[in-house]
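To keep things clear, I will list the structure first and then write my remarks on it.
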Amino acid sequence: MSDAPDTHGATAARYFIDESGLRALTAELLAAGTEVVAPVATDVCQSPSAIASSACLLPGVAPVDIDYKLLGDAAELDLSRGLPQLSLKQFFLPEHEALCRWHQRGIVTTIEEVPTSFAPRLVLAAKPCDAAALAVVDQVMNWDYQDELWNGRREATTVFNLACPVIDDSCFCTAVASAPDDTKGADGLLTPVEGGYLVEATTDKGRAFVEGHKARFTSVDGAPAAESRERQAADERAAARVRVAANLEIDPASVRDWIDTHFEDPLLATLAVRCNGCGACTSVCPTCHCFDIVDEEEGVGHGTRRRCWDTCQASTFTLHASGHNPRDDQHVRYRQRINHKYSIYPLKFGEVLCTGCGRCTRVCHAGQDIVEILAAIDVAARHPEPVDSGAEAVKP
Amino acid sequence: MNIYHPQLAAVTEVTDETVDTRTLRLEFTDEAVREGFTFQAGQFGEYSVFGAGESTFCIASAPTRKGYIECSFKAVGKVTTALREVNIGDTVGFRGPYGNSFPVDDWKGKDVLFVAGGIGLAPVRCVIWNVLDRRDEFGDVTIVYGARSVGDLVYKRELEEWGSRSDVKIVTTVDPGGQTDDWKGEVGYVTPVVEATAPKADNAVAVLCGPPIVVKLTLPVLEKLGFADDAIFTTLENRMKCGLGKCGRCNIGSVYVCKDGPVFTAAQMKELPPEF
């Protein structure tokens, strides 16, 4: 895992790197065998929701699907891209991964362990909401039992964010304790400035990375020539914060407590009305981490036990063998998702299980809009009198 | 070795409890694991047949019986059907023990009432043997066990064994119509039997487990008898995958059955949101 980040400013080591320097650094890393992950254009844009969002309609950018991918060549690097369709989650909790392998020969069974240490990897130009999600999910992955597979990938990976210009109206990172220039979960931050990027290394891992590739970076600490660049970076970051804050402002603590005390409030059922349980929101979510464990036979007497992404929106998620299902209706399953993110997780771990990326809204074909939903809960939470006459607290 | 890595165990005994319920005795293949394995009454594990997957059940044997563990299951799904196919000498996987336990040590000197319905006797059986193996430490031991029919009663040999002991009071009952010609137990639901046989509530605890209807109907009876909410213990089950608080499916509101449970008092259950 990344060590605790410093606050921005005094203790963060600051450098400058230009476009060609960044490309050369990427080439150097790839040549040395370090895997580099960055957002790249993967295909001509097929997804209506991605077209609807401005993710692939940034000015001057052809409409294409964007995804975080392992780079094969430094030439693929293009930091002008918008929000990748899937979050960074896939590089830490893969869509499916081996937990162990079994071999049976006659009556003898053996279990083969899977490695829990991984090759070094750099994530370049991570969205701050995606990196922040890593630090949030760290909590559950280390709740008493340590998930070595998650932790192993976290330790092997260095993450540098790219300050986000804010994508569209579905972004709300500032409403859930993050920001478009957050470094939570990351080891550093790149901010576009004239001619290149201002680079801040905010953790020991981030500083060690820059130190290890010193020749590519110019230190800006105390360099008067860099002042205008820093001012430019600070101005743009401040403007982005203002832009995203205009989308949604809530009090997460009131939302948390309201949900906790209004389990059966009709408002929660009303807010779920359009959801038809496809589970796309949980797939694209950077913090949704629920999984299934299944055995996959790969021949006679051997196979792999895997964990795979699962979704709380499927009725089979909680279905008992007896046929009883504690979450037997879609609005109840939607309530679970809202409850888990904005109440259960904050109560257990002190953090909201959401970083405001807005992907669930953009991907939803039924039009569930998390910004509207949180705003409605926030209104209910701020008003001591029930908003709906039928709304009554379950618990006093 | 990551936290999802199972231990191997050999099946050493197979007992058919009913037409579809079976008990397996398992001994860990690795000697160090076999010798070092400990658990507490009420804890559960993830049992697996390689190729079919993992399934969650309580450990049905008592922690006071060393060298093996037992599980009882009804063959209803993919994994339990595969588990029913295994024979003596076959190898299965086990992860655990997980979850909290019944606070048996706190019950010293008290009367203990066990109420179970159907296969709900499996987790209770673990506590019964745990208490009987330390018989001197407890007051009266009363067992009320009900099933739909005589054929649905599990652990029949042990019901007889408990019935033959002078230091155990046991009443078995089957639903009306479920009796056979030679049935010597009661006919009717467990609730009137509990009312008639329960020890005085002022120095007693009750352990209750069974289908939701048994739990739902018995709780008011125990309350009427004067059992306090924190003297009534039950064990909940929910679908689980990891057993470790990660996979995110067993929670009831903010309570994770796998980590905060599976053992809850009636007082704790009343605090839970109505989603189980």
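Residue numbers start at 1 in each chain; chains themselves are named A, B, ... in the order of the structure tokens; ligands are numbered from 1 in the order shown.
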
Sorted by chain and rising residue number, list the residues of chain B at most 7 Å from chain A (counting only C-alpha atoms), each with its closest atom pair and distance in Å to one decimal, as a tab-separated table.
residue	atom	partner	partner_atom	distance
B:Met1	CA	A:Glu113	CA	6.4
B:Asn2	CA	A:Glu148	CA	6.0
B:Ile3	CA	A:Asp147	CA	6.6
B:Tyr4	CA	A:Leu99	CA	6.3
B:His5	CA	A:Cys100	CA	6.3
B:Phe50	CA	A:Asp295	CA	6.9
B:Gly51	CA	A:Asp295	CA	5.2
B:Ala52	CA	A:Asp295	CA	5.9
B:Gly53	CA	A:Asp295	CA	5.0
B:Val76	CA	A:Ala321	CA	6.4
B:Gly77	CA	A:Ala321	CA	6.2
B:Asp90	CA	A:Ile107	CA	6.6
B:Thr91	CA	A:Thr109	CA	6.7
B:Asn238	CA	A:His320	CA	6.9
B:Arg239	CA	A:Thr318	CA	5.5
B:Lys241	CA	A:Ile293	CA	6.2
B:Leu244	CA	A:Tyr145	CA	6.6
B:Lys246	CA	A:Val140	CA	6.2
B:Cys247	CA	A:Cys290	CA	4.6
B:Gly248	CA	A:Cys290	CA	5.0
B:Arg249	CA	A:Thr318	CA	6.2
B:Gly253	CA	A:Ile344	CA	6.8
B:Ser254	CA	A:Ile344	CA	4.8
B:Pro273	CA	A:Phe263	CA	6.8
B:Glu275	CA	A:Pro326	CA	5.4
B:Phe276	CA	A:Pro326	CA	4.8

All strand (DSSP E or B) positions in region 22-119 of chain B, as an mmCIF file with N, CA and C atoms, in the first residue's frame:
data_model
loop_
_atom_site.group_PDB
_atom_site.id
_atom_site.type_symbol
_atom_site.label_atom_id
_atom_site.label_comp_id
_atom_site.auth_asym_id
_atom_site.auth_seq_id
_atom_site.Cartn_x
_atom_site.Cartn_y
_atom_site.Cartn_z
ATOM 1 N N ARG B 22 -26.856 -35.057 5.614
ATOM 2 C CA ARG B 22 -25.731 -35.943 5.873
ATOM 3 C C ARG B 22 -24.710 -35.245 6.776
ATOM 4 N N THR B 23 -24.037 -36.022 7.595
ATOM 5 C CA THR B 23 -22.965 -35.488 8.430
ATOM 6 C C THR B 23 -21.649 -36.095 7.974
ATOM 7 N N LEU B 24 -20.634 -35.230 7.809
ATOM 8 C CA LEU B 24 -19.290 -35.709 7.462
ATOM 9 C C LEU B 24 -18.355 -35.420 8.617
ATOM 10 N N ARG B 25 -17.537 -36.399 8.950
ATOM 11 C CA ARG B 25 -16.453 -36.146 9.895
ATOM 12 C C ARG B 25 -15.186 -35.911 9.079
ATOM 13 N N LEU B 26 -14.468 -34.843 9.404
ATOM 14 C CA LEU B 26 -13.283 -34.462 8.631
ATOM 15 C C LEU B 26 -12.057 -34.406 9.530
ATOM 16 N N GLU B 27 -10.955 -34.945 9.027
ATOM 17 C CA GLU B 27 -9.682 -34.833 9.764
ATOM 18 C C GLU B 27 -8.674 -34.147 8.860
ATOM 19 N N PHE B 28 -8.041 -33.101 9.372
ATOM 20 C CA PHE B 28 -7.084 -32.365 8.559
ATOM 21 C C PHE B 28 -5.925 -33.254 8.142
ATOM 22 N N PHE B 44 -18.106 -20.955 12.318
ATOM 23 C CA PHE B 44 -18.446 -21.645 11.071
ATOM 24 C C PHE B 44 -17.214 -21.741 10.175
ATOM 25 N N GLY B 45 -17.381 -22.401 9.036
ATOM 26 C CA GLY B 45 -16.277 -22.531 8.095
ATOM 27 C C GLY B 45 -16.782 -22.585 6.667
ATOM 28 N N GLU B 46 -15.848 -22.517 5.736
ATOM 29 C CA GLU B 46 -16.164 -22.674 4.310
ATOM 30 C C GLU B 46 -15.661 -24.054 3.892
ATOM 31 N N TYR B 47 -16.602 -24.931 3.557
ATOM 32 C CA TYR B 47 -16.276 -26.304 3.170
ATOM 33 C C TYR B 47 -16.290 -26.387 1.655
ATOM 34 N N SER B 48 -15.329 -27.095 1.067
ATOM 35 C CA SER B 48 -15.343 -27.132 -0.392
ATOM 36 C C SER B 48 -15.074 -28.507 -0.972
ATOM 37 N N VAL B 49 -15.726 -28.722 -2.111
ATOM 38 C CA VAL B 49 -15.405 -29.861 -2.964
ATOM 39 C C VAL B 49 -14.721 -29.243 -4.178
ATOM 40 N N GLY B 53 -16.946 -25.960 -5.624
ATOM 41 C CA GLY B 53 -16.887 -24.673 -4.939
ATOM 42 C C GLY B 53 -17.008 -24.802 -3.441
ATOM 43 N N GLU B 54 -17.237 -23.652 -2.798
ATOM 44 C CA GLU B 54 -17.292 -23.595 -1.335
ATOM 45 C C GLU B 54 -18.717 -23.350 -0.846
ATOM 46 N N SER B 55 -19.007 -23.842 0.353
ATOM 47 C CA SER B 55 -20.304 -23.603 0.972
ATOM 48 C C SER B 55 -20.093 -23.373 2.469
ATOM 49 N N THR B 56 -20.989 -22.571 3.053
ATOM 50 C CA THR B 56 -20.820 -22.140 4.445
ATOM 51 C C THR B 56 -21.699 -22.953 5.392
ATOM 52 N N PHE B 57 -21.112 -23.618 6.384
ATOM 53 C CA PHE B 57 -21.903 -24.197 7.478
ATOM 54 C C PHE B 57 -21.159 -24.014 8.790
ATOM 55 N N CYS B 58 -21.932 -24.141 9.867
ATOM 56 C CA CYS B 58 -21.324 -24.119 11.188
ATOM 57 C C CYS B 58 -20.488 -25.382 11.368
ATOM 58 N N ILE B 69 -13.380 -32.368 12.894
ATOM 59 C CA ILE B 69 -14.555 -31.497 12.919
ATOM 60 C C ILE B 69 -15.658 -32.203 12.134
ATOM 61 N N GLU B 70 -16.890 -31.796 12.379
ATOM 62 C CA GLU B 70 -18.007 -32.369 11.641
ATOM 63 C C GLU B 70 -18.875 -31.261 11.075
ATOM 64 N N CYS B 71 -19.491 -31.556 9.928
ATOM 65 C CA CYS B 71 -20.469 -30.632 9.385
ATOM 66 C C CYS B 71 -21.690 -31.437 8.970
ATOM 67 N N SER B 72 -22.854 -30.817 9.090
ATOM 68 C CA SER B 72 -24.103 -31.456 8.650
ATOM 69 C C SER B 72 -24.750 -30.528 7.643
ATOM 70 N N PHE B 73 -25.239 -31.104 6.572
ATOM 71 C CA PHE B 73 -25.792 -30.254 5.502
ATOM 72 C C PHE B 73 -26.897 -30.998 4.787
ATOM 73 N N LYS B 74 -27.769 -30.200 4.186
ATOM 74 C CA LYS B 74 -28.847 -30.741 3.366
ATOM 75 C C LYS B 74 -28.395 -30.579 1.921
ATOM 76 N N THR B 91 -10.895 -36.292 -0.219
ATOM 77 C CA THR B 91 -10.356 -35.055 0.345
ATOM 78 C C THR B 91 -11.274 -33.883 0.017
ATOM 79 N N VAL B 92 -11.555 -33.074 1.025
ATOM 80 C CA VAL B 92 -12.307 -31.841 0.812
ATOM 81 C C VAL B 92 -11.481 -30.676 1.345
ATOM 82 N N GLY B 93 -11.949 -29.453 1.087
ATOM 83 C CA GLY B 93 -11.235 -28.268 1.570
ATOM 84 C C GLY B 93 -12.001 -27.628 2.720
ATOM 85 N N PHE B 94 -11.294 -26.931 3.573
ATOM 86 C CA PHE B 94 -11.927 -26.224 4.697
ATOM 87 C C PHE B 94 -11.173 -24.933 4.965
ATOM 88 N N ARG B 95 -11.922 -23.840 5.126
ATOM 89 C CA ARG B 95 -11.341 -22.583 5.629
ATOM 90 C C ARG B 95 -12.099 -22.201 6.889
ATOM 91 N N GLY B 96 -11.395 -21.788 7.887
ATOM 92 C CA GLY B 96 -12.036 -21.359 9.122
ATOM 93 C C GLY B 96 -11.131 -21.638 10.307
ATOM 94 N N PRO B 97 -11.614 -21.535 11.528
ATOM 95 C CA PRO B 97 -12.967 -21.143 11.897
ATOM 96 C C PRO B 97 -13.166 -19.635 11.804
ATOM 97 N N TYR B 98 -14.386 -19.229 11.475
ATOM 98 C CA TYR B 98 -14.707 -17.814 11.333
ATOM 99 C C TYR B 98 -15.862 -17.427 12.258
ATOM 100 N N ASP B 111 -28.725 -22.694 34.369
ATOM 101 C CA ASP B 111 -29.474 -23.701 33.618
ATOM 102 C C ASP B 111 -29.409 -23.316 32.143
ATOM 103 N N VAL B 112 -29.338 -24.317 31.285
ATOM 104 C CA VAL B 112 -29.259 -24.030 29.845
ATOM 105 C C VAL B 112 -30.415 -24.724 29.125
ATOM 106 N N LEU B 113 -31.180 -23.923 28.385
ATOM 107 C CA LEU B 113 -32.296 -24.453 27.591
ATOM 108 C C LEU B 113 -31.920 -24.390 26.114
ATOM 109 N N PHE B 114 -31.976 -25.518 25.427
ATOM 110 C CA PHE B 114 -31.714 -25.553 23.987
ATOM 111 C C PHE B 114 -33.031 -25.763 23.250
ATOM 112 N N VAL B 115 -33.299 -24.918 22.268
ATOM 113 C CA VAL B 115 -34.505 -25.090 21.445
ATOM 114 C C VAL B 115 -34.059 -25.106 19.987
ATOM 115 N N ALA B 116 -34.380 -26.203 19.286
ATOM 116 C CA ALA B 116 -33.960 -26.295 17.887
ATOM 117 C C ALA B 116 -35.075 -26.872 17.029
ATOM 118 N N GLY B 117 -35.080 -26.427 15.768
ATOM 119 C CA GLY B 117 -36.038 -26.963 14.814
ATOM 120 C C GLY B 117 -35.313 -27.459 13.576
#

Worksheet item: When you draw a straight line from CA of Ile259 (chain A) to CA of Val363 (chain A), how long is it in Å?
Response: 24.4 Å

Fill in: Selection: 10 Å around region 147-159 of chain B, only C-alpha atoms, excl. self and same-chain fewer than 2 positions, as a PyMOL selection string
chain B and resi 15-23+72+116-122+125+129+143+145+161-164+170-180+183+185+187-190+210

For the selection you just gave me, I'd like the residues written to a file as a PDB file, in the first residue's frame, keeping C-alpha atoms.
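That gives us part-v2.pdb:
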ATOM      1  CA  THR B  15     -23.609 -40.484   8.550  1.00  0.00           C
ATOM      2  CA  ASP B  16     -26.972 -40.130   6.878  1.00  0.00           C
ATOM      3  CA  GLU B  17     -29.198 -38.131   9.220  1.00  0.00           C
ATOM      4  CA  THR B  18     -32.290 -38.024   7.001  1.00  0.00           C
ATOM      5  CA  VAL B  19     -32.975 -38.804   3.353  1.00  0.00           C
ATOM      6  CA  ASP B  20     -31.284 -35.550   2.308  1.00  0.00           C
ATOM      7  CA  THR B  21     -29.172 -34.531   5.302  1.00  0.00           C
ATOM      8  CA  ARG B  22     -25.731 -35.943   5.873  1.00  0.00           C
ATOM      9  CA  THR B  23     -22.965 -35.488   8.430  1.00  0.00           C
ATOM     10  CA  SER B  72     -24.103 -31.456   8.650  1.00  0.00           C
ATOM     11  CA  ALA B 116     -33.960 -26.295  17.887  1.00  0.00           C
ATOM     12  CA  GLY B 117     -36.038 -26.963  14.814  1.00  0.00           C
ATOM     13  CA  GLY B 118     -35.076 -29.215  11.883  1.00  0.00           C
ATOM     14  CA  ILE B 119     -31.478 -28.887  10.753  1.00  0.00           C
ATOM     15  CA  GLY B 120     -31.162 -25.971  13.192  1.00  0.00           C
ATOM     16  CA  LEU B 121     -30.011 -28.645  15.625  1.00  0.00           C
ATOM     17  CA  ALA B 122     -26.600 -28.707  13.862  1.00  0.00           C
ATOM     18  CA  ARG B 125     -25.546 -29.752  18.805  1.00  0.00           C
ATOM     19  CA  TRP B 129     -21.855 -31.410  23.430  1.00  0.00           C
ATOM     20  CA  ILE B 143     -33.312 -29.787  25.114  1.00  0.00           C
ATOM     21  CA  TYR B 145     -36.170 -30.379  19.503  1.00  0.00           C
ATOM     22  CA  GLU B 161     -28.073 -40.940  23.929  1.00  0.00           C
ATOM     23  CA  TRP B 162     -29.159 -37.618  25.450  1.00  0.00           C
ATOM     24  CA  GLY B 163     -32.524 -39.176  26.330  1.00  0.00           C
ATOM     25  CA  SER B 164     -30.835 -41.972  28.246  1.00  0.00           C
ATOM     26  CA  ILE B 170     -34.958 -33.810  26.424  1.00  0.00           C
ATOM     27  CA  VAL B 171     -38.299 -33.565  24.657  1.00  0.00           C
ATOM     28  CA  THR B 172     -38.654 -34.216  20.959  1.00  0.00           C
ATOM     29  CA  THR B 173     -41.715 -33.290  18.985  1.00  0.00           C
ATOM     30  CA  VAL B 174     -42.919 -33.604  15.410  1.00  0.00           C
ATOM     31  CA  ASP B 175     -45.538 -31.573  13.587  1.00  0.00           C
ATOM     32  CA  PRO B 176     -49.064 -33.044  13.568  1.00  0.00           C
ATOM     33  CA  GLY B 177     -49.179 -35.719  10.874  1.00  0.00           C
ATOM     34  CA  GLY B 178     -45.426 -36.208  10.992  1.00  0.00           C
ATOM     35  CA  GLN B 179     -45.552 -38.963  13.623  1.00  0.00           C
ATOM     36  CA  THR B 180     -45.165 -42.698  13.000  1.00  0.00           C
ATOM     37  CA  TRP B 183     -43.388 -42.485  17.819  1.00  0.00           C
ATOM     38  CA  GLY B 185     -42.263 -38.224  21.543  1.00  0.00           C
ATOM     39  CA  VAL B 187     -46.847 -34.299  18.531  1.00  0.00           C
ATOM     40  CA  GLY B 188     -47.210 -30.577  17.975  1.00  0.00           C
ATOM     41  CA  TYR B 189     -45.089 -27.467  17.523  1.00  0.00           C
ATOM     42  CA  VAL B 190     -42.129 -26.672  19.757  1.00  0.00           C
ATOM     43  CA  GLY B 210     -34.148 -23.238  13.520  1.00  0.00           C
TER      44      GLY B 210
END

Worksheet item: Leaving out Ile66 (chain A) and any residue of its chain fewer than 2 positions from it, which residues lie within 7 Å of it when counting only C-alpha atoms, given as a PyMOL selection string?
Response: chain A and resi 39-42+64+83-85

Write out as an mmCIF file with N, CA and C atoms, in the first residue's frame the residues lying within 9 Å of Val127 (chain B), counting only C-alpha atoms and excluding same-chain residues fewer than 6 positions away.
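As written to disk, selection_21.cif reads:
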data_model
loop_
_atom_site.group_PDB
_atom_site.id
_atom_site.type_symbol
_atom_site.label_atom_id
_atom_site.label_comp_id
_atom_site.auth_asym_id
_atom_site.auth_seq_id
_atom_site.Cartn_x
_atom_site.Cartn_y
_atom_site.Cartn_z
ATOM 1 N N ALA B 41 -17.525 -22.896 20.148
ATOM 2 C CA ALA B 41 -18.882 -23.317 19.801
ATOM 3 C C ALA B 41 -19.641 -22.178 19.129
ATOM 4 N N GLY B 42 -20.131 -22.447 17.925
ATOM 5 C CA GLY B 42 -20.896 -21.430 17.192
ATOM 6 C C GLY B 42 -20.176 -20.932 15.962
ATOM 7 N N ALA B 60 -20.343 -28.464 13.357
ATOM 8 C CA ALA B 60 -21.413 -29.100 14.128
ATOM 9 C C ALA B 60 -20.890 -29.973 15.262
ATOM 10 N N SER B 61 -19.572 -30.214 15.271
ATOM 11 C CA SER B 61 -19.004 -30.986 16.383
ATOM 12 C C SER B 61 -18.599 -30.013 17.490
ATOM 13 N N ALA B 62 -18.269 -30.572 18.654
ATOM 14 C CA ALA B 62 -17.961 -29.716 19.794
ATOM 15 C C ALA B 62 -16.471 -29.394 19.862
ATOM 16 N N PRO B 63 -16.127 -28.179 20.318
ATOM 17 C CA PRO B 63 -14.703 -27.812 20.445
ATOM 18 C C PRO B 63 -13.976 -28.666 21.470
ATOM 19 N N PHE B 102 -20.730 -18.743 20.876
ATOM 20 C CA PHE B 102 -21.618 -18.670 22.041
ATOM 21 C C PHE B 102 -20.742 -18.467 23.292
ATOM 22 N N VAL B 104 -20.126 -19.564 26.098
ATOM 23 C CA VAL B 104 -20.412 -20.700 26.981
ATOM 24 C C VAL B 104 -19.806 -20.498 28.379
ATOM 25 N N PHE B 114 -31.976 -25.518 25.427
ATOM 26 C CA PHE B 114 -31.714 -25.553 23.987
ATOM 27 C C PHE B 114 -33.031 -25.763 23.250
ATOM 28 N N VAL B 207 -30.711 -21.151 24.147
ATOM 29 C CA VAL B 207 -30.052 -21.178 22.838
ATOM 30 C C VAL B 207 -31.098 -21.650 21.839
#

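From CA of Cys126 (chain B) back to CA of Lys66 (chain B), the distance works out to 12.6 Å.
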
Worksheet item: What does the distance between CA of Gly89 (chain B) and CA of Leu8 (chain B) come to in Å, to one decimal place?
Response: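 Distance between the two atoms: 11.9 Å.
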
Where does DSSP see alpha helix (DSSP H) in region 8-239 of chain B, if you list the residues as a short mmCIF file (atom, residue, chain, number, x, y, z; two decimals) with N, CA and C atoms, in the first residue's frame?
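The result, written out as result.cif:
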data_model
loop_
_atom_site.label_atom_id
_atom_site.label_comp_id
_atom_site.auth_asym_id
_atom_site.auth_seq_id
_atom_site.Cartn_x
_atom_site.Cartn_y
_atom_site.Cartn_z
N GLU B 31 -0.65 -32.82 9.68
CA GLU B 31 -0.65 -33.20 11.09
C GLU B 31 -0.60 -31.98 12.01
N ALA B 32 0.21 -30.99 11.62
CA ALA B 32 0.34 -29.79 12.47
C ALA B 32 -1.00 -29.06 12.56
N VAL B 33 -1.72 -28.99 11.43
CA VAL B 33 -3.03 -28.33 11.43
C VAL B 33 -4.00 -29.13 12.30
N ARG B 34 -3.97 -30.46 12.14
CA ARG B 34 -4.87 -31.33 12.90
C ARG B 34 -4.65 -31.16 14.40
N GLU B 35 -3.40 -31.12 14.80
CA GLU B 35 -3.08 -30.98 16.22
C GLU B 35 -3.38 -29.58 16.74
N GLY B 36 -3.14 -28.59 15.89
CA GLY B 36 -3.22 -27.20 16.38
C GLY B 36 -4.58 -26.56 16.21
N LYS B 78 -25.39 -26.75 -5.50
CA LYS B 78 -24.31 -27.36 -6.26
C LYS B 78 -23.24 -27.98 -5.34
N VAL B 79 -22.80 -27.19 -4.35
CA VAL B 79 -21.72 -27.66 -3.48
C VAL B 79 -22.20 -28.76 -2.54
N THR B 80 -23.41 -28.58 -1.96
CA THR B 80 -23.90 -29.59 -1.02
C THR B 80 -24.21 -30.90 -1.75
N THR B 81 -24.64 -30.80 -3.00
CA THR B 81 -24.87 -32.03 -3.77
C THR B 81 -23.54 -32.74 -4.01
N ALA B 82 -22.50 -31.96 -4.32
CA ALA B 82 -21.17 -32.54 -4.52
C ALA B 82 -20.62 -33.12 -3.22
N LEU B 83 -20.89 -32.42 -2.11
CA LEU B 83 -20.41 -32.91 -0.80
C LEU B 83 -21.06 -34.25 -0.46
N ARG B 84 -22.31 -34.40 -0.93
CA ARG B 84 -23.03 -35.64 -0.64
C ARG B 84 -22.44 -36.81 -1.43
N GLU B 85 -21.70 -36.49 -2.49
CA GLU B 85 -21.10 -37.53 -3.33
C GLU B 85 -19.79 -38.06 -2.74
N LEU B 121 -30.68 -27.94 14.52
CA LEU B 121 -30.01 -28.65 15.62
C LEU B 121 -28.49 -28.72 15.40
N ALA B 122 -28.04 -28.56 14.13
CA ALA B 122 -26.60 -28.71 13.86
C ALA B 122 -25.74 -27.72 14.67
N PRO B 123 -26.00 -26.41 14.57
CA PRO B 123 -25.19 -25.48 15.39
C PRO B 123 -25.44 -25.65 16.88
N VAL B 124 -26.66 -26.07 17.24
CA VAL B 124 -26.99 -26.23 18.67
C VAL B 124 -26.30 -27.48 19.22
N ARG B 125 -26.19 -28.50 18.39
CA ARG B 125 -25.55 -29.75 18.80
C ARG B 125 -24.11 -29.49 19.28
N CYS B 126 -23.43 -28.60 18.57
CA CYS B 126 -22.06 -28.24 18.94
C CYS B 126 -22.02 -27.68 20.36
N VAL B 127 -22.99 -26.84 20.69
CA VAL B 127 -23.04 -26.23 22.03
C VAL B 127 -23.49 -27.27 23.06
N ILE B 128 -24.45 -28.12 22.66
CA ILE B 128 -24.93 -29.16 23.59
C ILE B 128 -23.75 -30.03 24.04
N TRP B 129 -22.99 -30.54 23.06
CA TRP B 129 -21.86 -31.41 23.43
C TRP B 129 -20.80 -30.64 24.21
N ASN B 130 -20.64 -29.38 23.85
CA ASN B 130 -19.66 -28.56 24.58
C ASN B 130 -20.06 -28.44 26.05
N VAL B 131 -21.36 -28.23 26.29
CA VAL B 131 -21.87 -28.12 27.66
C VAL B 131 -21.81 -29.49 28.36
N LEU B 132 -22.22 -30.55 27.64
CA LEU B 132 -22.24 -31.88 28.28
C LEU B 132 -20.83 -32.38 28.58
N LYS B 156 -30.29 -38.76 15.21
CA LYS B 156 -31.21 -39.64 15.96
C LYS B 156 -30.49 -40.43 17.05
N ARG B 157 -29.24 -40.90 16.73
CA ARG B 157 -28.52 -41.68 17.75
C ARG B 157 -28.21 -40.81 18.97
N GLU B 158 -27.88 -39.55 18.71
CA GLU B 158 -27.54 -38.67 19.82
C GLU B 158 -28.78 -38.26 20.61
N LEU B 159 -29.93 -38.14 19.92
CA LEU B 159 -31.17 -37.84 20.64
C LEU B 159 -31.44 -38.96 21.65
N GLU B 160 -31.18 -40.21 21.19
CA GLU B 160 -31.36 -41.35 22.10
C GLU B 160 -30.37 -41.30 23.26
N GLU B 161 -29.12 -41.00 22.90
CA GLU B 161 -28.07 -40.94 23.93
C GLU B 161 -28.40 -39.87 24.98
N TRP B 162 -28.82 -38.68 24.50
CA TRP B 162 -29.16 -37.62 25.45
C TRP B 162 -30.37 -38.04 26.29
N GLY B 163 -31.32 -38.74 25.63
CA GLY B 163 -32.52 -39.18 26.33
C GLY B 163 -32.24 -40.19 27.43
N SER B 164 -31.14 -40.94 27.25
CA SER B 164 -30.84 -41.97 28.25
C SER B 164 -30.02 -41.41 29.42
N VAL B 190 -43.06 -26.75 18.62
CA VAL B 190 -42.13 -26.67 19.76
C VAL B 190 -42.61 -25.70 20.84
N THR B 191 -43.39 -24.68 20.44
CA THR B 191 -43.69 -23.61 21.40
C THR B 191 -44.39 -24.10 22.68
N PRO B 192 -45.48 -24.93 22.60
CA PRO B 192 -46.08 -25.38 23.87
C PRO B 192 -45.12 -26.27 24.67
N VAL B 193 -44.25 -27.01 23.96
CA VAL B 193 -43.29 -27.87 24.67
C VAL B 193 -42.29 -27.00 25.43
N VAL B 194 -41.86 -25.92 24.79
CA VAL B 194 -40.93 -25.00 25.45
C VAL B 194 -41.59 -24.44 26.70
N GLU B 195 -42.83 -24.04 26.55
CA GLU B 195 -43.55 -23.44 27.67
C GLU B 195 -43.66 -24.42 28.85
N ALA B 196 -43.86 -25.70 28.51
CA ALA B 196 -44.07 -26.71 29.56
C ALA B 196 -42.77 -27.20 30.19
N THR B 197 -41.66 -27.14 29.47
CA THR B 197 -40.44 -27.79 29.98
C THR B 197 -39.31 -26.83 30.35
N PRO B 212 -36.76 -19.75 10.22
CA PRO B 212 -37.25 -18.46 10.70
C PRO B 212 -38.56 -18.55 11.48
N ILE B 213 -39.46 -19.44 11.07
CA ILE B 213 -40.77 -19.54 11.74
C ILE B 213 -40.62 -20.04 13.17
N VAL B 214 -39.69 -20.97 13.39
CA VAL B 214 -39.46 -21.50 14.74
C VAL B 214 -38.91 -20.39 15.64
N VAL B 215 -37.94 -19.63 15.11
CA VAL B 215 -37.34 -18.55 15.88
C VAL B 215 -38.40 -17.49 16.19
N LYS B 216 -39.18 -17.16 15.17
CA LYS B 216 -40.19 -16.11 15.31
C LYS B 216 -41.24 -16.46 16.35
N LEU B 217 -41.68 -17.73 16.37
CA LEU B 217 -42.74 -18.13 17.29
C LEU B 217 -42.21 -18.42 18.69
N THR B 218 -40.94 -18.81 18.79
CA THR B 218 -40.41 -19.19 20.10
C THR B 218 -39.97 -17.97 20.92
N LEU B 219 -39.49 -16.93 20.24
CA LEU B 219 -39.01 -15.75 20.97
C LEU B 219 -40.07 -15.18 21.94
N PRO B 220 -41.33 -14.98 21.49
CA PRO B 220 -42.33 -14.45 22.44
C PRO B 220 -42.59 -15.39 23.62
N VAL B 221 -42.49 -16.70 23.36
CA VAL B 221 -42.71 -17.66 24.44
C VAL B 221 -41.61 -17.52 25.50
N LEU B 222 -40.37 -17.41 25.02
CA LEU B 222 -39.25 -17.26 25.96
C LEU B 222 -39.39 -15.95 26.73
N GLU B 223 -39.83 -14.92 26.04
CA GLU B 223 -40.03 -13.63 26.70
C GLU B 223 -41.08 -13.76 27.79
N LYS B 224 -42.18 -14.46 27.45
CA LYS B 224 -43.27 -14.65 28.40
C LYS B 224 -42.79 -15.42 29.63
#

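For the set A:Ala133, A:Val37, A:Thr202, A:Pro94, the residue with the smallest atom-to-atom gap to Asp67 (chain A) is A:Val37, counting only C-alpha atoms.
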